[in-house]
Amino acid sequence: MQSVTTRLITLLIALVLPFALNGQKQSRPVKAKSYRVKVVETLPHDTGVYTQGLFFYDGQLFESSGQYGQSFFRMADLRTGSTLRSFALNKQYFAEGAVALNGKLFLLTWLEKTVFVYDLKSFKQLGAMHNPREGWGLTTNGTELIMSDGSEILYFQDPSNFQSKRTVTVKLNGNPLKQLNELEYINGEIWANVYMTDMIAIIDPATGIVRATVDCRNILPQSLRTSRTDVLNGIAYNPADKKIYITGKYWPKLFRIELK
């Protein structure tokens, strides 16, 4: 016959064990879904643009372009790929990701530890803020700025002073995913170009877990590539019609895509 103590221990094990096992199940890495892209529309893109940031604001397409001595920001015509308005950065700055929030343009620089702030309508500079890290990609969830710096970390920044409010570590199938570059916030998730690859990661902003990957290989035909054609980079979502566009650095085309 079991003693009272033994019975109590047995009862506790019976009660606690299911929760422990359930916790083990939850700690297992979430395997990301895999998608490919379906091109539904092909549009012109200026091959003189070394695409860093790409986004829509009030239905209008905007784009930042990098390289020292050649960095600029522009308002672009979606249908023709031509530049409608633009301004250049001083030659010591390398433009990176960009995004608009509440009528203001926030433009990262790569190594210069500066985030420029402009009025998006007039392109007049309103100020600058300090960024202690490298600047790569930039997007917004409507209240915070979300930045990548080439690591596996995403930084959620206060738009008033660019101070970090929180961070998440991005993991793909349980492993840190580095080289996060251009960012876009789409329907509550962060889409990120993975630099030097043809992959886009779709990230849960609360946990950093990559929910899905998007294979963009061969989206730009070999026949359209030249010695200058660079990597895939640039994701833009237009909330007005829920369409998604992607391009690359010095690419001749902009593609409207769907997932399959």
# chains A, B, ... in the order shown; residues from 1 in each chain; ligands from 1

call {"tool": "closest_atom_pairs", "arguments": {"of": "region 90-109 of chain A", "to": "region 49-52 of chain A", "cutoff": "9 Å", "atoms": "only C-alpha atoms", "output": "CSV"}}
result
residue,atom,partner,partner_atom,distance
A:Ala95,CA,A:Gln52,CA,7.3
A:Glu96,CA,A:Gln52,CA,5.0
A:Gly97,CA,A:Gln52,CA,5.1
A:Ala98,CA,A:Gln52,CA,7.6

call {"tool": "select_by_dssp", "arguments": {"residues": "region 85-232 of chain A", "states": "strand (DSSP E)", "output": "PDB file with C-alpha atoms, in the first residue's frame"}}
result
ATOM      1  CA  ARG A  85      11.092  64.967 -57.460  1.00  0.00           C
ATOM      2  CA  SER A  86      14.345  64.288 -55.644  1.00  0.00           C
ATOM      3  CA  PHE A  87      17.106  65.648 -53.433  1.00  0.00           C
ATOM      4  CA  ALA A  88      20.723  64.576 -53.046  1.00  0.00           C
ATOM      5  CA  ALA A  95      21.783  56.715 -47.846  1.00  0.00           C
ATOM      6  CA  GLU A  96      20.101  53.581 -46.535  1.00  0.00           C
ATOM      7  CA  GLY A  97      16.540  52.625 -45.578  1.00  0.00           C
ATOM      8  CA  ALA A  98      13.747  55.177 -45.429  1.00  0.00           C
ATOM      9  CA  VAL A  99      10.142  55.416 -44.296  1.00  0.00           C
ATOM     10  CA  ALA A 100       7.423  58.025 -43.734  1.00  0.00           C
ATOM     11  CA  LEU A 101       5.424  58.482 -40.538  1.00  0.00           C
ATOM     12  CA  LYS A 104       7.765  63.051 -41.938  1.00  0.00           C
ATOM     13  CA  LEU A 105      10.458  61.229 -43.868  1.00  0.00           C
ATOM     14  CA  PHE A 106      13.061  59.343 -41.830  1.00  0.00           C
ATOM     15  CA  LEU A 107      16.199  58.500 -43.807  1.00  0.00           C
ATOM     16  CA  LEU A 108      18.993  56.309 -42.437  1.00  0.00           C
ATOM     17  CA  THR A 109      22.661  56.623 -43.261  1.00  0.00           C
ATOM     18  CA  THR A 114      22.770  59.952 -38.536  1.00  0.00           C
ATOM     19  CA  VAL A 115      19.044  59.706 -39.207  1.00  0.00           C
ATOM     20  CA  PHE A 116      17.793  62.638 -41.258  1.00  0.00           C
ATOM     21  CA  VAL A 117      14.241  63.927 -40.837  1.00  0.00           C
ATOM     22  CA  TYR A 118      12.430  65.779 -43.639  1.00  0.00           C
ATOM     23  CA  ASP A 119       8.996  67.107 -44.412  1.00  0.00           C
ATOM     24  CA  GLN A 125      15.070  69.030 -43.788  1.00  0.00           C
ATOM     25  CA  LEU A 126      13.561  69.300 -40.302  1.00  0.00           C
ATOM     26  CA  GLY A 127      16.437  67.900 -38.299  1.00  0.00           C
ATOM     27  CA  ALA A 128      18.695  64.928 -37.624  1.00  0.00           C
ATOM     28  CA  MET A 129      18.967  62.310 -34.889  1.00  0.00           C
ATOM     29  CA  HIS A 130      21.779  60.116 -33.619  1.00  0.00           C
ATOM     30  CA  LEU A 138      13.733  51.054 -41.892  1.00  0.00           C
ATOM     31  CA  THR A 139       9.965  50.659 -41.654  1.00  0.00           C
ATOM     32  CA  THR A 140       7.152  51.555 -39.231  1.00  0.00           C
ATOM     33  CA  LEU A 145      10.277  53.065 -36.348  1.00  0.00           C
ATOM     34  CA  ILE A 146      11.690  49.583 -36.923  1.00  0.00           C
ATOM     35  CA  MET A 147      15.345  49.352 -37.969  1.00  0.00           C
ATOM     36  CA  SER A 148      17.756  46.643 -39.079  1.00  0.00           C
ATOM     37  CA  ILE A 153      18.345  42.093 -34.275  1.00  0.00           C
ATOM     38  CA  LEU A 154      15.429  44.373 -35.111  1.00  0.00           C
ATOM     39  CA  TYR A 155      15.260  47.645 -33.169  1.00  0.00           C
ATOM     40  CA  PHE A 156      11.991  49.395 -32.309  1.00  0.00           C
ATOM     41  CA  GLN A 157      12.806  53.090 -32.097  1.00  0.00           C
ATOM     42  CA  SER A 164      15.557  52.200 -28.713  1.00  0.00           C
ATOM     43  CA  LYS A 165      12.379  51.058 -26.953  1.00  0.00           C
ATOM     44  CA  ARG A 166      12.818  47.310 -27.423  1.00  0.00           C
ATOM     45  CA  THR A 167      14.472  44.709 -29.629  1.00  0.00           C
ATOM     46  CA  VAL A 168      13.686  41.266 -30.993  1.00  0.00           C
ATOM     47  CA  THR A 169      16.071  38.583 -32.207  1.00  0.00           C
ATOM     48  CA  LYS A 171      15.197  33.374 -35.809  1.00  0.00           C
ATOM     49  CA  LEU A 172      14.554  31.090 -38.763  1.00  0.00           C
ATOM     50  CA  ASN A 175      18.549  29.763 -35.685  1.00  0.00           C
ATOM     51  CA  PRO A 176      19.476  33.482 -35.736  1.00  0.00           C
ATOM     52  CA  LEU A 180      18.419  41.630 -42.406  1.00  0.00           C
ATOM     53  CA  ASN A 181      18.271  44.537 -44.810  1.00  0.00           C
ATOM     54  CA  GLU A 182      15.361  46.502 -46.317  1.00  0.00           C
ATOM     55  CA  LEU A 183      12.167  46.228 -44.276  1.00  0.00           C
ATOM     56  CA  GLU A 184       8.446  46.615 -44.918  1.00  0.00           C
ATOM     57  CA  TYR A 185       5.557  46.349 -42.454  1.00  0.00           C
ATOM     58  CA  ILE A 186       2.695  44.432 -44.093  1.00  0.00           C
ATOM     59  CA  GLU A 189       4.224  41.420 -40.028  1.00  0.00           C
ATOM     60  CA  ILE A 190       7.709  42.565 -40.999  1.00  0.00           C
ATOM     61  CA  TRP A 191       9.006  41.570 -44.418  1.00  0.00           C
ATOM     62  CA  ALA A 192      12.801  41.698 -44.663  1.00  0.00           C
ATOM     63  CA  ASN A 193      15.222  41.300 -47.537  1.00  0.00           C
ATOM     64  CA  VAL A 194      18.105  39.034 -46.510  1.00  0.00           C
ATOM     65  CA  MET A 199      15.040  35.394 -50.011  1.00  0.00           C
ATOM     66  CA  ILE A 200      12.530  37.521 -48.149  1.00  0.00           C
ATOM     67  CA  ALA A 201      11.742  36.642 -44.518  1.00  0.00           C
ATOM     68  CA  ILE A 202       8.281  37.277 -43.057  1.00  0.00           C
ATOM     69  CA  ILE A 203       8.751  37.974 -39.347  1.00  0.00           C
ATOM     70  CA  VAL A 210      10.280  33.917 -39.115  1.00  0.00           C
ATOM     71  CA  ARG A 211       6.805  32.711 -39.991  1.00  0.00           C
ATOM     72  CA  ALA A 212       7.590  32.186 -43.662  1.00  0.00           C
ATOM     73  CA  THR A 213      10.250  32.624 -46.321  1.00  0.00           C
ATOM     74  CA  VAL A 214       9.687  33.845 -49.869  1.00  0.00           C
ATOM     75  CA  ASP A 215      11.882  32.461 -52.653  1.00  0.00           C
ATOM     76  CA  LEU A 232      17.413  41.908 -54.666  1.00  0.00           C
TER      77      LEU A 232
END

call {"tool": "residues_around", "arguments": {"residues": "region 235-249 of chain A", "least_positions_apart": "5", "cutoff": "10 Å", "atoms": "only C-alpha atoms", "output": "number ranges by chain"}}
result
A: 39-43, 45-63, 65-66, 182-187, 191-193, 198, 200, 216, 219-220, 228-230, 254-259

call {"tool": "residues_around", "arguments": {"residues": "Val30 (chain A)", "least_positions_apart": "6", "cutoff": "8 Å", "atoms": "only C-alpha atoms", "output": "VMD selection string"}}
result
chain A and resid 173 to 174 209 211

call {"tool": "atom_distance", "arguments": {"atom1": "CA of Gly137 (chain A)", "atom2": "CA of Val170 (chain A)"}}
result
14.2 Å

call {"tool": "residues_around", "arguments": {"residues": "region 89-91 of chain A", "least_positions_apart": "2", "cutoff": "9 Å", "atoms": "only C-alpha atoms", "output": "MDAnalysis selection string"}}
result
chainID A and resid 67:73 87 93:95

call {"tool": "atom_distance", "arguments": {"atom1": "CA of Gly150 (chain A)", "atom2": "CA of Gly208 (chain A)"}}
result
14.7 Å

call {"tool": "select_by_dssp", "arguments": {"residues": "region 6-207 of chain A", "states": "alpha helix (DSSP H)", "output": "list in words"}}
result
Thr6, Arg7, Leu8, Ile9, Thr10, Leu11, Leu12, Ile13, Ala14, Leu15, Val16, Leu17, Pro18, Phe19, Ala20, Leu21, Asn22, Gly23, Gln24, Lys25, Gln26 and Ser27 of chain A

call {"tool": "write_last_selection", "arguments": {"atoms": "N, CA and C atoms", "output": "PDB file, in the first residue's frame"}}
result
ATOM      1  N   THR A   6       3.779   9.176  -0.646  1.00  0.00           N
ATOM      2  CA  THR A   6       3.973   8.643  -1.993  1.00  0.00           C
ATOM      3  C   THR A   6       2.818   8.997  -2.896  1.00  0.00           C
ATOM      4  N   ARG A   7       1.594   8.889  -2.341  1.00  0.00           N
ATOM      5  CA  ARG A   7       0.421   9.227  -3.140  1.00  0.00           C
ATOM      6  C   ARG A   7       0.391  10.699  -3.526  1.00  0.00           C
ATOM      7  N   LEU A   8       0.824  11.554  -2.582  1.00  0.00           N
ATOM      8  CA  LEU A   8       0.871  12.991  -2.886  1.00  0.00           C
ATOM      9  C   LEU A   8       1.872  13.283  -3.990  1.00  0.00           C
ATOM     10  N   ILE A   9       3.045  12.638  -3.939  1.00  0.00           N
ATOM     11  CA  ILE A   9       4.076  12.833  -4.972  1.00  0.00           C
ATOM     12  C   ILE A   9       3.555  12.372  -6.323  1.00  0.00           C
ATOM     13  N   THR A  10       2.880  11.218  -6.319  1.00  0.00           N
ATOM     14  CA  THR A  10       2.319  10.682  -7.565  1.00  0.00           C
ATOM     15  C   THR A  10       1.288  11.636  -8.142  1.00  0.00           C
ATOM     16  N   LEU A  11       0.460  12.208  -7.272  1.00  0.00           N
ATOM     17  CA  LEU A  11      -0.572  13.152  -7.718  1.00  0.00           C
ATOM     18  C   LEU A  11       0.052  14.418  -8.292  1.00  0.00           C
ATOM     19  N   LEU A  12       1.083  14.923  -7.638  1.00  0.00           N
ATOM     20  CA  LEU A  12       1.757  16.129  -8.124  1.00  0.00           C
ATOM     21  C   LEU A  12       2.392  15.887  -9.488  1.00  0.00           C
ATOM     22  N   ILE A  13       3.031  14.725  -9.665  1.00  0.00           N
ATOM     23  CA  ILE A  13       3.636  14.393 -10.962  1.00  0.00           C
ATOM     24  C   ILE A  13       2.558  14.355 -12.039  1.00  0.00           C
ATOM     25  N   ALA A  14       1.415  13.751 -11.715  1.00  0.00           N
ATOM     26  CA  ALA A  14       0.319  13.651 -12.686  1.00  0.00           C
ATOM     27  C   ALA A  14      -0.206  15.014 -13.082  1.00  0.00           C
ATOM     28  N   LEU A  15      -0.207  15.949 -12.134  1.00  0.00           N
ATOM     29  CA  LEU A  15      -0.709  17.289 -12.419  1.00  0.00           C
ATOM     30  C   LEU A  15       0.300  18.139 -13.182  1.00  0.00           C
ATOM     31  N   VAL A  16       1.573  18.020 -12.812  1.00  0.00           N
ATOM     32  CA  VAL A  16       2.612  18.895 -13.363  1.00  0.00           C
ATOM     33  C   VAL A  16       3.140  18.405 -14.706  1.00  0.00           C
ATOM     34  N   LEU A  17       3.225  17.082 -14.900  1.00  0.00           N
ATOM     35  CA  LEU A  17       3.842  16.534 -16.091  1.00  0.00           C
ATOM     36  C   LEU A  17       3.215  17.011 -17.392  1.00  0.00           C
ATOM     37  N   PRO A  18       1.882  17.055 -17.526  1.00  0.00           N
ATOM     38  CA  PRO A  18       1.306  17.543 -18.791  1.00  0.00           C
ATOM     39  C   PRO A  18       1.720  18.966 -19.127  1.00  0.00           C
ATOM     40  N   PHE A  19       1.817  19.823 -18.094  1.00  0.00           N
ATOM     41  CA  PHE A  19       2.234  21.207 -18.339  1.00  0.00           C
ATOM     42  C   PHE A  19       3.696  21.271 -18.763  1.00  0.00           C
ATOM     43  N   ALA A  20       4.511  20.419 -18.147  1.00  0.00           N
ATOM     44  CA  ALA A  20       5.925  20.402 -18.514  1.00  0.00           C
ATOM     45  C   ALA A  20       6.116  19.935 -19.942  1.00  0.00           C
ATOM     46  N   LEU A  21       5.381  18.897 -20.312  1.00  0.00           N
ATOM     47  CA  LEU A  21       5.482  18.389 -21.682  1.00  0.00           C
ATOM     48  C   LEU A  21       4.967  19.398 -22.677  1.00  0.00           C
ATOM     49  N   ASN A  22       3.877  20.085 -22.281  1.00  0.00           N
ATOM     50  CA  ASN A  22       3.330  21.112 -23.174  1.00  0.00           C
ATOM     51  C   ASN A  22       4.331  22.230 -23.373  1.00  0.00           C
ATOM     52  N   GLY A  23       5.054  22.597 -22.293  1.00  0.00           N
ATOM     53  CA  GLY A  23       6.074  23.623 -22.402  1.00  0.00           C
ATOM     54  C   GLY A  23       7.191  23.208 -23.324  1.00  0.00           C
ATOM     55  N   GLN A  24       7.555  21.915 -23.291  1.00  0.00           N
ATOM     56  CA  GLN A  24       8.596  21.414 -24.189  1.00  0.00           C
ATOM     57  C   GLN A  24       8.157  21.524 -25.639  1.00  0.00           C
ATOM     58  N   LYS A  25       6.883  21.230 -25.884  1.00  0.00           N
ATOM     59  CA  LYS A  25       6.374  21.331 -27.247  1.00  0.00           C
ATOM     60  C   LYS A  25       6.438  22.766 -27.746  1.00  0.00           C
ATOM     61  N   GLN A  26       6.090  23.722 -26.862  1.00  0.00           N
ATOM     62  CA  GLN A  26       6.077  25.127 -27.262  1.00  0.00           C
ATOM     63  C   GLN A  26       7.477  25.665 -27.505  1.00  0.00           C
ATOM     64  N   SER A  27       8.490  25.051 -26.848  1.00  0.00           N
ATOM     65  CA  SER A  27       9.846  25.574 -26.987  1.00  0.00           C
ATOM     66  C   SER A  27      10.519  25.096 -28.273  1.00  0.00           C
TER      67      SER A  27
END

call {"tool": "atom_distance", "arguments": {"atom1": "CA of Gly135 (chain A)", "atom2": "CA of Ser122 (chain A)"}}
result
24.0 Å
